[in-house]
Every structure is written in C-alpha cells, then in structure tokens.
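Undergrad: Next comes the structure file upload05.txt, holding compact mmCIF, C-alpha atoms (C1' of nucleotides).
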```txt
# COMPACT_ATOMS: atom_id res chain seq x y z
CA MET J 1 -3.92 6.65 22.30
CA SER J 2 -3.01 10.29 22.07
CA ARG J 3 -3.75 12.45 19.12
CA GLU J 4 -0.07 13.11 18.52
CA PHE J 5 0.65 9.45 18.54
CA ARG J 6 -2.06 8.81 16.04
CA ARG J 7 -0.69 11.44 13.70
CA ALA J 8 2.72 9.87 13.95
CA MET J 9 1.48 6.38 13.22
CA PRO J 10 2.70 5.09 9.87
CA LEU J 11 -0.32 3.68 8.10
CA LEU J 12 -0.51 4.99 4.57
CA PRO J 13 1.08 3.45 1.49
CA ILE J 14 2.84 5.70 -0.97
CA SER J 15 -0.01 5.60 -3.45
CA MET J 16 -2.35 7.28 -0.98
CA VAL J 17 0.25 9.87 -0.09
CA MET J 18 0.70 10.62 -3.76
CA GLY J 19 -3.00 11.28 -4.02
CA LEU J 20 -3.15 13.38 -0.88
CA THR J 21 -0.17 15.53 -1.75
CA GLU J 22 -0.25 15.47 -5.53
CA LEU J 23 3.41 14.58 -5.56
CA THR J 24 4.92 11.80 -7.64
CA ALA J 25 6.52 8.76 -6.05
CA ARG J 26 9.82 9.96 -7.44
CA GLN J 27 9.48 13.27 -5.66
CA ILE J 28 8.48 11.70 -2.38
CA ARG J 29 11.42 9.32 -2.46
CA TYR J 30 13.73 12.13 -3.40
CA TYR J 31 12.66 14.18 -0.40
CA GLU J 32 13.22 11.18 1.79
CA GLU J 33 16.67 10.80 0.29
CA HIS J 34 17.30 14.37 1.43
CA GLU J 35 16.01 13.52 4.88
CA LEU J 36 13.08 15.90 4.83
CA ILE J 37 10.90 12.97 5.82
CA GLU J 38 11.69 9.55 7.16
CA PRO J 39 8.74 7.25 6.56
CA ALA J 40 8.65 3.95 8.39
CA ARG J 41 9.03 0.69 6.55
CA SER J 42 6.79 -2.32 6.51
CA GLU J 43 8.21 -5.75 7.02
CA GLY J 44 8.49 -6.08 3.28
CA ASN J 45 10.37 -2.79 3.01
CA ARG J 46 7.49 -0.69 1.80
CA ARG J 47 7.31 2.90 2.89
CA MET J 48 4.49 3.58 5.32
CA PHE J 49 3.60 7.23 5.92
CA SER J 50 2.04 8.96 8.86
CA LEU J 51 -0.24 11.97 8.76
CA ASP J 52 2.70 13.97 10.03
CA ASP J 53 4.62 12.85 6.97
CA VAL J 54 1.79 14.01 4.77
CA ASP J 55 1.83 17.38 6.48
CA ALA J 56 5.54 17.69 5.90
CA LEU J 57 5.15 16.78 2.25
CA LEU J 58 2.41 19.32 1.78
CA GLU J 59 4.67 21.94 3.24
CA ILE J 60 7.54 20.89 1.02
CA ARG J 61 5.28 21.30 -1.95
CA GLU J 62 4.26 24.72 -0.79
CA LEU J 63 7.83 25.85 -0.30
CA LEU J 64 8.87 24.46 -3.66
CA ASP J 65 6.01 26.34 -5.26
CA GLN J 66 7.48 29.43 -3.68
CA GLY J 67 10.74 28.77 -5.47
CA ILE J 68 12.68 27.62 -2.45
CA ASN J 69 15.14 24.83 -3.15
CA MET J 70 16.00 21.72 -1.16
CA ALA J 71 18.69 23.45 0.84
CA GLY J 72 16.30 26.20 1.80
CA ILE J 73 13.60 23.76 2.77
CA LYS J 74 16.04 21.79 4.86
CA LYS J 75 16.92 24.96 6.68
CA VAL J 76 13.28 25.85 7.23
CA PHE J 77 12.63 22.39 8.62
CA ASP J 78 15.64 22.58 10.88
CA MET J 79 14.46 25.93 12.20
CA ARG J 80 11.03 24.53 12.80
CA LYS J 81 12.49 21.61 14.68
CA ARG J 82 14.50 23.85 16.93
CA ASN J 83 11.54 26.13 17.51
CA ASP J 84 9.59 23.14 18.67
CA VAL J 85 12.18 22.67 21.36
CA ARG J 86 11.45 26.22 22.39
CA SER J 87 14.96 27.52 22.03
CA TYR J 88 14.68 30.38 19.60
CA ASP J 89 18.09 31.53 20.67
CA ALA J 90 19.58 28.28 19.53
CA ILE J 91 18.83 28.96 15.89
CA ALA J 92 22.31 29.07 14.51
CA ILE J 93 21.79 30.23 10.98
CA SER J 94 24.76 32.03 9.60
CA ASP J 95 24.45 35.31 7.72
CA ALA J 96 25.70 33.61 4.61
CA GLU J 97 23.08 30.92 4.85
CA LEU J 98 20.31 33.39 5.42
CA ARG J 99 21.40 35.50 2.49
CA ALA J 100 21.64 32.48 0.25
CA ILE J 101 18.10 31.48 1.06
CA LEU J 102 16.66 34.94 0.68
CA ARG J 103 18.48 35.54 -2.56
CA GLU J 104 17.09 32.41 -4.13
CA GLU J 105 13.67 33.07 -2.86
CA MET J 106 13.60 36.57 -4.28
CA GLN J 107 15.12 35.54 -7.56
CA GLN J 108 12.56 32.90 -8.23
CA ALA J 109 9.57 34.17 -6.38
CA GLN J 110 7.77 35.39 -9.45
CA SER J 111 9.04 32.73 -11.83
CA MET J 112 6.46 30.33 -10.57
CA GLN J 113 2.73 30.22 -10.89
CA LYS J 114 1.38 29.29 -7.53
CA THR J 115 -0.65 26.23 -8.32
CA SER J 116 -2.47 26.49 -5.07
CA LEU J 117 -3.34 23.40 -3.10
CA ARG J 118 -6.48 22.07 -4.59
CA GLN J 119 -8.47 21.13 -1.53
CA GLY J 120 -11.58 19.56 -2.97
CA ASP J 121 -11.42 16.68 -5.36
CA LEU J 122 -10.73 13.96 -2.87
CA SER J 123 -13.32 12.02 -4.76
CA ARG J 124 -10.55 10.32 -6.67
CA PHE J 125 -9.96 8.22 -3.57
CA PHE J 126 -13.38 6.82 -3.61
CA GLN J 127 -14.92 4.45 -5.98
CA VAL J 128 -18.64 4.69 -5.95
CA LYS J 129 -20.36 1.45 -6.57
CA SER J 130 -21.79 1.94 -10.02
CA GLU J 131 -25.01 0.10 -10.62
CA MET C 1 -11.83 19.00 5.96
CA SER C 2 -14.11 17.83 8.73
CA ARG C 3 -13.15 15.24 11.23
CA GLU C 4 -15.95 12.95 10.12
CA PHE C 5 -14.78 13.21 6.58
CA ARG C 6 -11.28 12.33 7.56
CA ARG C 7 -12.43 9.27 9.43
CA ALA C 8 -14.37 8.16 6.40
CA MET C 9 -11.46 8.60 4.02
CA PRO C 10 -10.18 5.30 2.68
CA LEU C 11 -6.44 5.36 3.12
CA LEU C 12 -5.23 2.14 4.69
CA PRO C 13 -4.23 -1.06 2.91
CA ILE C 14 -5.45 -4.34 4.27
CA SER C 15 -2.11 -5.20 5.83
CA MET C 16 -2.35 -2.21 8.15
CA VAL C 17 -5.91 -3.02 9.04
CA MET C 18 -4.86 -6.55 9.86
CA GLY C 19 -2.29 -5.18 12.24
CA LEU C 20 -4.63 -2.68 13.82
CA THR C 21 -7.46 -5.14 14.34
CA GLU C 22 -5.57 -8.40 14.73
CA LEU C 23 -7.89 -9.96 12.21
CA THR C 24 -6.74 -12.08 9.29
CA ALA C 25 -7.26 -10.99 5.70
CA ARG C 26 -9.64 -13.89 5.32
CA GLN C 27 -11.78 -12.64 8.17
CA ILE C 28 -11.82 -9.08 6.93
CA ARG C 29 -12.87 -10.17 3.45
CA TYR C 30 -15.48 -12.45 4.90
CA TYR C 31 -17.02 -9.61 6.87
CA GLU C 32 -17.08 -7.52 3.76
CA GLU C 33 -18.80 -10.36 1.95
CA HIS C 34 -21.45 -10.16 4.64
CA GLU C 35 -21.72 -6.41 4.15
CA LEU C 36 -20.62 -5.46 7.62
CA ILE C 37 -18.06 -3.17 6.02
CA GLU C 38 -17.70 -1.85 2.52
CA PRO C 39 -14.12 -0.71 1.97
CA ALA C 40 -13.37 1.42 -1.06
CA ARG C 41 -11.25 0.08 -3.87
CA SER C 42 -8.13 1.48 -5.43
CA GLU C 43 -7.81 1.78 -9.17
CA GLY C 44 -6.18 -1.61 -9.19
CA ASN C 45 -9.01 -3.12 -7.17
CA ARG C 46 -7.26 -3.21 -3.84
CA ARG C 47 -9.31 -2.63 -0.74
CA MET C 48 -8.65 0.69 0.96
CA PHE C 49 -9.99 1.10 4.49
CA SER C 50 -11.03 4.14 6.46
CA LEU C 51 -10.69 4.64 10.18
CA ASP C 52 -14.40 4.11 10.37
CA ASP C 53 -13.88 0.72 8.79
CA VAL C 54 -11.27 -0.09 11.40
CA ASP C 55 -13.68 0.90 14.13
CA ALA C 56 -16.33 -1.35 12.68
CA LEU C 57 -13.89 -4.25 12.46
CA LEU C 58 -12.80 -3.77 16.05
CA GLU C 59 -16.40 -3.90 17.07
CA ILE C 60 -17.02 -7.01 15.02
CA ARG C 61 -14.11 -8.65 16.75
CA GLU C 62 -15.49 -7.66 20.11
CA LEU C 63 -18.94 -9.03 19.33
CA LEU C 64 -17.48 -12.26 17.96
CA ASP C 65 -15.47 -12.63 21.14
CA GLN C 66 -18.78 -12.36 22.95
CA GLY C 67 -20.05 -15.33 20.99
CA ILE C 68 -22.38 -13.40 18.73
CA ASN C 69 -22.59 -14.71 15.19
CA MET C 70 -22.72 -12.89 11.87
CA ALA C 71 -26.48 -12.61 11.89
CA GLY C 72 -26.41 -11.08 15.34
CA ILE C 73 -23.71 -8.63 14.42
CA LYS C 74 -25.59 -7.62 11.32
CA LYS C 75 -28.58 -6.89 13.48
CA VAL C 76 -26.53 -4.91 15.94
CA PHE C 77 -25.08 -2.85 13.12
CA ASP C 78 -28.48 -2.26 11.64
CA MET C 79 -29.77 -1.10 15.00
CA ARG C 80 -26.82 1.23 15.37
CA LYS C 81 -27.48 2.66 11.94
CA ARG C 82 -31.09 3.36 12.74
CA ASN C 83 -30.17 4.86 16.08
CA ASP C 84 -27.92 7.26 14.29
CA VAL C 85 -30.94 8.47 12.42
CA ARG C 86 -32.52 9.17 15.81
CA SER C 87 -35.58 7.08 15.31
CA TYR C 88 -35.56 4.61 18.15
CA ASP C 89 -39.15 3.81 17.40
CA ALA C 90 -38.24 2.67 13.96
CA ILE C 91 -36.22 -0.24 15.25
CA ALA C 92 -38.19 -3.07 13.81
CA ILE C 93 -36.63 -6.08 15.43
CA SER C 94 -39.01 -8.94 15.77
CA ASP C 95 -39.38 -10.87 18.99
CA ALA C 96 -38.04 -13.94 17.29
CA GLU C 97 -34.97 -12.12 16.13
CA LEU C 98 -34.29 -10.65 19.51
CA ARG C 99 -34.67 -14.00 21.20
CA ALA C 100 -32.38 -15.64 18.70
CA ILE C 101 -29.68 -13.10 19.40
CA LEU C 102 -30.00 -13.25 23.15
CA ARG C 103 -30.10 -17.00 23.21
CA GLU C 104 -26.88 -17.29 21.29
CA GLU C 105 -25.22 -14.67 23.35
CA MET C 106 -26.13 -16.37 26.60
CA GLN C 107 -25.26 -19.82 25.37
CA GLN C 108 -21.80 -18.91 24.30
CA ALA C 109 -20.99 -16.04 26.57
CA GLN C 110 -18.76 -18.05 28.84
CA SER C 111 -17.42 -20.41 26.22
CA MET C 112 -14.95 -17.83 25.11
CA GLN C 113 -11.98 -16.35 26.78
CA LYS C 114 -12.11 -12.66 26.23
CA THR C 115 -8.81 -11.98 24.61
CA SER C 116 -9.15 -8.34 25.32
CA LEU C 117 -8.04 -5.78 22.84
CA ARG C 118 -4.35 -5.44 23.32
CA GLN C 119 -3.86 -1.73 23.09
CA GLY C 120 -0.13 -1.37 23.35
CA ASP C 121 2.19 -3.15 21.02
CA LEU C 122 1.79 -0.90 18.07
CA SER C 123 5.51 -1.16 17.77
CA ARG C 124 5.08 -3.86 15.19
CA PHE C 125 4.16 -1.10 12.75
CA PHE C 126 7.42 0.61 13.15
CA GLN C 127 10.77 -0.45 12.06
CA VAL C 128 13.48 1.27 13.97
CA LYS C 129 16.52 1.97 11.94
CA SER C 130 18.98 -0.58 13.25
CA GLU C 131 22.59 0.53 13.00
C1' DA B 1 -25.75 -37.61 11.70
C1' DG B 2 -25.96 -33.96 8.56
C1' DG B 3 -25.95 -29.03 7.41
C1' DA B 4 -24.42 -24.35 8.21
C1' DT B 5 -20.88 -21.14 9.81
C1' DA B 6 -16.52 -19.03 10.30
C1' DT B 7 -11.98 -19.43 9.18
C1' DG B 8 -7.64 -21.72 7.36
C1' DT B 9 -4.98 -22.90 3.37
C1' DT B 10 -3.42 -23.06 -1.28
C1' DA B 11 -2.96 -21.69 -6.06
C1' DT B 12 -2.62 -18.32 -9.51
C1' DA B 13 -2.84 -13.82 -11.33
C1' DA B 14 -2.76 -8.86 -10.96
C1' DT B 15 -1.16 -4.77 -8.71
C1' DT B 16 1.92 -1.99 -6.16
C1' DC B 17 6.25 -0.80 -4.69
C1' DC B 18 11.37 -1.07 -4.39
C1' DT B 19 16.02 0.03 -6.11
C1' DT B 20 19.03 1.35 -9.64
C1' DA B 21 20.32 3.56 -13.65
C1' DC B 22 20.07 6.75 -17.22
C1' DA B 23 17.88 11.03 -19.30
C1' DT B 24 16.81 15.96 -19.14
C1' DA B 25 15.30 20.63 -18.43
C1' DA B 26 16.10 24.35 -15.51
C1' DT B 27 19.20 26.67 -12.60
C1' DA B 28 23.62 27.76 -10.58
C1' DT B 29 28.58 28.29 -10.82
C1' DT B 30 32.89 29.34 -12.83
C1' DA T 1 29.34 30.65 -22.58
C1' DA T 2 30.51 26.38 -20.86
C1' DT T 3 29.98 23.33 -17.24
C1' DA T 4 28.06 21.48 -13.04
C1' DT T 5 24.16 20.76 -10.05
C1' DT T 6 19.35 20.14 -9.02
C1' DA T 7 14.92 18.22 -9.25
C1' DT T 8 12.29 15.22 -11.68
C1' DG T 9 10.98 11.85 -15.48
C1' DT T 10 11.27 7.24 -17.13
C1' DA T 11 12.36 2.43 -17.67
C1' DA T 12 13.86 -2.26 -16.17
C1' DG T 13 13.63 -6.08 -13.26
C1' DG T 14 12.49 -8.06 -9.11
C1' DA T 15 10.05 -8.52 -4.69
C1' DA T 16 6.04 -7.79 -1.80
C1' DT T 17 1.16 -7.38 -1.33
C1' DT T 18 -3.37 -8.26 -2.50
C1' DA T 19 -7.20 -10.31 -5.25
C1' DT T 20 -10.33 -14.14 -6.30
C1' DA T 21 -11.60 -18.81 -6.16
C1' DA T 22 -11.62 -23.29 -4.51
C1' DC T 23 -11.25 -26.72 -1.23
C1' DA T 24 -10.57 -28.12 3.75
C1' DT T 25 -12.16 -28.19 8.52
C1' DA T 26 -13.57 -27.48 13.17
C1' DT T 27 -17.51 -25.92 15.70
C1' DC T 28 -22.15 -25.20 16.26
C1' DC T 29 -27.02 -25.98 15.19
C1' DT T 30 -31.04 -28.81 14.15
```
Now that the file is in, can you turn its structure into structure tokens?
TA:
Amino acid sequence: MSREFRRAMPLLPISMVMGLTELTARQIRYYEEHELIEPARSEGNRRMFSLDDVDALLEIRELLDQGINMAGIKKVFDMRKRNDVRSYDAIAISDAELRAILREEMQQAQSMQKTSLRQGDLSRFFQVKSE
Amino acid sequence: MSREFRRAMPLLPISMVMGLTELTARQIRYYEEHELIEPARSEGNRRMFSLDDVDALLEIRELLDQGINMAGIKKVFDMRKRNDVRSYDAIAISDAELRAILREEMQQAQSMQKTSLRQGDLSRFFQVKSE
DNA sequence: AGGATATGTTATAATTCCTTACATAATATT
DNA sequence: AATATTATGTAAGGAATTATAACATATCCT
C-alpha cells in the first residue's frame, strides 16, 4: 500500500479533524460546501477524512489567517492542482482575478493577528489512565 | 512530528478499525479486555485507535488464524515488548509456558484455513459520488 | 461430562454527527 | 450610508455509532 494511498485513505471522523486542525465542525462543513475538500462518507453518511484532507484544512486555516477569502483560497487550490499536473502554462488566471486576490490580501494582511499553528498540545487526544 | 508519534496517535473510530482488520467490534473489545491493546478514549468515552493499534490487531488476527489462543498471544506480545528493549536475555519464559504454546500451535495449526489477509478491497471505505 | 474460551446477539443508554434554519459580526458593494 | 455578502455561531430534531452488560453458544480442554 503506497504512501500516497495511505494519505488519501478516509479514516478520521470529524471530531478528530477538529482537534487536529482547530477548526469547528461548522467551518469544516462550510469549506466542503465550497468544494475546497471532499471528504468521503461512511455507510451511515458520516464524513470520513483523510490525512490529505487534514493537510488541505490546515492550509485553508493558514490562508484565512492571512486574510484571504474563500474565493482567493479556491483560486490558490486550483493553481496548486494545475501545478501538480505540471502545466504551469495552463494557469489561466485573469488579470482581474489576480488583482482582486492581491487587493484583498493587502487590504487585510495586517488586520489579523497570526495565531500561528500551535504544534504541541496534541495531548488533548490522549486520555491517560488516571490511577 | 515524528513518524512514531504519528503512528501512536489515536485517531480512528472502531468502525474504521473493524474495516481495516476485518474483526468484529466484539472481538476488538475482547482483546482490549485482555490487554492486548489499550486504545485511547474520546471525551465521550469512545475508543480511538492508533495505527499501532491496528497493527497489533492485525497481528492478533494472524496469530488466532494460526490457532494460538489468547494466552499464547499475550506471551508473544510480551516477548516482543521485551525484545524492543533489547534484552533478549531477559525473556523469562518458563519451559512449561513454552511447551504449552507450542503444543497448542501444533495441535491446531492445520485445523484452520488460513484466510489470508485480503489486502485489496479497501474500496468499501470509499463512497463514490453516484450521479 | 463439565468447565473454559472466544465470539455472537440483544437490549438500553450515551455520544457523535447530520441537515436545516436562523442569527450575526465583519466586510464588500452600490 | 445603506444594503448585500461572507464566514461563522447556534439550536433543533433525527439518525448513526458506540458503550456496557448480560446471556447464548460452539469449540476446545481436562
């Protein structure tokens, strides 16, 4: 089983993803609604996330912290996707789109305190047997 | 975050572990009862499994398929644990214990069809968007 | 035969998650 | 400035998942 495959395997319930990303369920579902992620579903219709999904969510959080809005993030993700296909030339981002993104980014860049990704503190996922 | 740490991180709900290991919930809980695994618990008391737990369960399944009983598996796990500490000499397995294990293994070795670990078929974890 | 083992099954309660709808503060548009 | 949009909070009600506990049972052991 390849590493890529493993990272794409949907195994985590939303509660764990919330913990890993420090996003609320509402936010995660909202980003799905906007097609930034597309978690799999269990038989009973529960969202199951892959590590790739978690990565994407972490990046969304980062970009949001930088003041970029949904539209901008969508564009960034689209660019990334096309880059992965190794066709830099195919990036068809119009001048207007680019300006819109940059404008927003500059406008809001300083209006946000970068609450940087708190790496440690994964202890909340563990429950040490007391006693 | 180290690889070992990641493998020890409890992220998976029991349903996913059931799928990955092809064990029933009853079996998984029973093995926990016998301290072969010790999954973490969520706030709401749900078992959360790590990849290490999954590995252990796969091995349990394998050993059971070989006709080894709980006691034998416990011993095997204990041996493994001590080996990890690099003290082969410290393996204090009595002659009686060893004989008991081997006897059982030989007696039942052929009484079981090795339903070998079906690697493929992870598709059951995915739900392709129909439509 | 009788006891132990490993697992199935069932019942009941608690937890988690889903969707939908409405609320709201911040931001963008006109 | 007034209005619309965005991103998120919150609440309701229902469905899915999991928990524990108890009893059932087939197989194996003595």
Undergrad: Measuring atom to atom with all atoms listed in the file, identify which of B:DT15, B:DA1, B:DT9, B:DT30 is nearest to chain C.
TA: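 Ranked by minimum distance to chain C, first place goes to B:DT15.
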Undergrad: For atom CA of C:Glu43 and atom CA of C:Pro10, determine how far apart the two atoms are, in Å to one decimal place.
TA: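 Distance reported for this atom pair: 12.6 Å.
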Undergrad: Residues of chain C no more than 10 Å from chain T, counting only C-alpha atoms (C1' of nucleotides): send them over as a PyMOL selection string.
TA: chain C and resi 13-15+25+44-47
Undergrad: What lies within 9 Å of C:Arg61 using only C-alpha atoms (C1' of nucleotides), ignoring chain neighbours under 4 positions off, as an mmCIF file with C-alpha atoms, in the frame of the given file?
TA:
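Written out: selection00.cif:
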```cif
data_model
loop_
_atom_site.group_PDB
_atom_site.id
_atom_site.type_symbol
_atom_site.label_atom_id
_atom_site.label_comp_id
_atom_site.auth_asym_id
_atom_site.auth_seq_id
_atom_site.Cartn_x
_atom_site.Cartn_y
_atom_site.Cartn_z
ATOM 1 C CA THR C 21 -7.460 -5.140 14.340
ATOM 2 C CA GLU C 22 -5.570 -8.400 14.730
ATOM 3 C CA LEU C 23 -7.890 -9.960 12.210
ATOM 4 C CA ALA C 56 -16.330 -1.350 12.680
ATOM 5 C CA LEU C 57 -13.890 -4.250 12.460
ATOM 6 C CA ASP C 65 -15.470 -12.630 21.140
ATOM 7 C CA GLN C 66 -18.780 -12.360 22.950
#
```
Undergrad: Taking all atoms listed in the file into account, which residues of chain B are within 12 Å of chain J, as a PyMOL selection string?
TA: chain B and resi 15-19+26-28
Undergrad: What is the distance between atom CA of J:Ser50 and atom CA of C:Leu12, in Å to one decimal?
TA: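 Straight-line distance from atom CA of J:Ser50 to atom CA of C:Leu12 works out to 10.8 Å.
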Undergrad: Around (-15.3, -7.8, 2.1) in the file's own coordinates, what residues are found within 12 Å if you use all atoms listed in the file, given back as a ChimeraX atom specification?
TA: /C:14,24-41,46-49,53,57 /T:19-20
Undergrad: Would you output that residue set with C-alpha atoms (C1' of nucleotides), as a compact mmCIF listing (two decimals), in the coordinates of the input?
TA:
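To be explicit, this is the file written out as part-v4.txt:
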```txt
# COMPACT_ATOMS: atom_id res chain seq x y z
CA ILE C 14 -5.45 -4.34 4.27
CA THR C 24 -6.74 -12.08 9.29
CA ALA C 25 -7.26 -10.99 5.70
CA ARG C 26 -9.64 -13.89 5.32
CA GLN C 27 -11.78 -12.64 8.17
CA ILE C 28 -11.82 -9.08 6.93
CA ARG C 29 -12.87 -10.17 3.45
CA TYR C 30 -15.48 -12.45 4.90
CA TYR C 31 -17.02 -9.61 6.87
CA GLU C 32 -17.08 -7.52 3.76
CA GLU C 33 -18.80 -10.36 1.95
CA HIS C 34 -21.45 -10.16 4.64
CA GLU C 35 -21.72 -6.41 4.15
CA LEU C 36 -20.62 -5.46 7.62
CA ILE C 37 -18.06 -3.17 6.02
CA GLU C 38 -17.70 -1.85 2.52
CA PRO C 39 -14.12 -0.71 1.97
CA ALA C 40 -13.37 1.42 -1.06
CA ARG C 41 -11.25 0.08 -3.87
CA ARG C 46 -7.26 -3.21 -3.84
CA ARG C 47 -9.31 -2.63 -0.74
CA MET C 48 -8.65 0.69 0.96
CA PHE C 49 -9.99 1.10 4.49
CA ASP C 53 -13.88 0.72 8.79
CA LEU C 57 -13.89 -4.25 12.46
C1' DA T 19 -7.20 -10.31 -5.25
C1' DT T 20 -10.33 -14.14 -6.30
```
Undergrad: Could you name the residues that touch C:Ile73 at 9 Å or less, counting all atoms listed in the file, but leaving out those on the same chain fewer than 4 positions away, as a PyMOL selection string?
TA: chain C and resi 36+60+63-64+68-69+77-78+101
Undergrad: I'd like to know which of J:Arg6, J:Asp55, J:Glu62, J:Met79 is closest to chain C, using only C-alpha atoms.
TA: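 Under the stated criterion, the closest residue is J:Arg6.
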Undergrad: As JSON, please report the centre and edge lengths, rounded to one decimal in Å, of the axis-aligned box that holds all listed atoms of stretch 15-25 of chain C with 4 Å of padding on each of the six sides.
TA:
```
{"center_x": -5.0, "center_y": -7.1, "center_z": 10.2, "size_x": 13.8, "size_y": 17.9, "size_z": 17.0}
```
Undergrad: With distances taken over all atoms listed in the file, which of C:Leu11, C:Val54, C:Met18, C:Met70 is nearest to chain J?
TA: C:Leu11
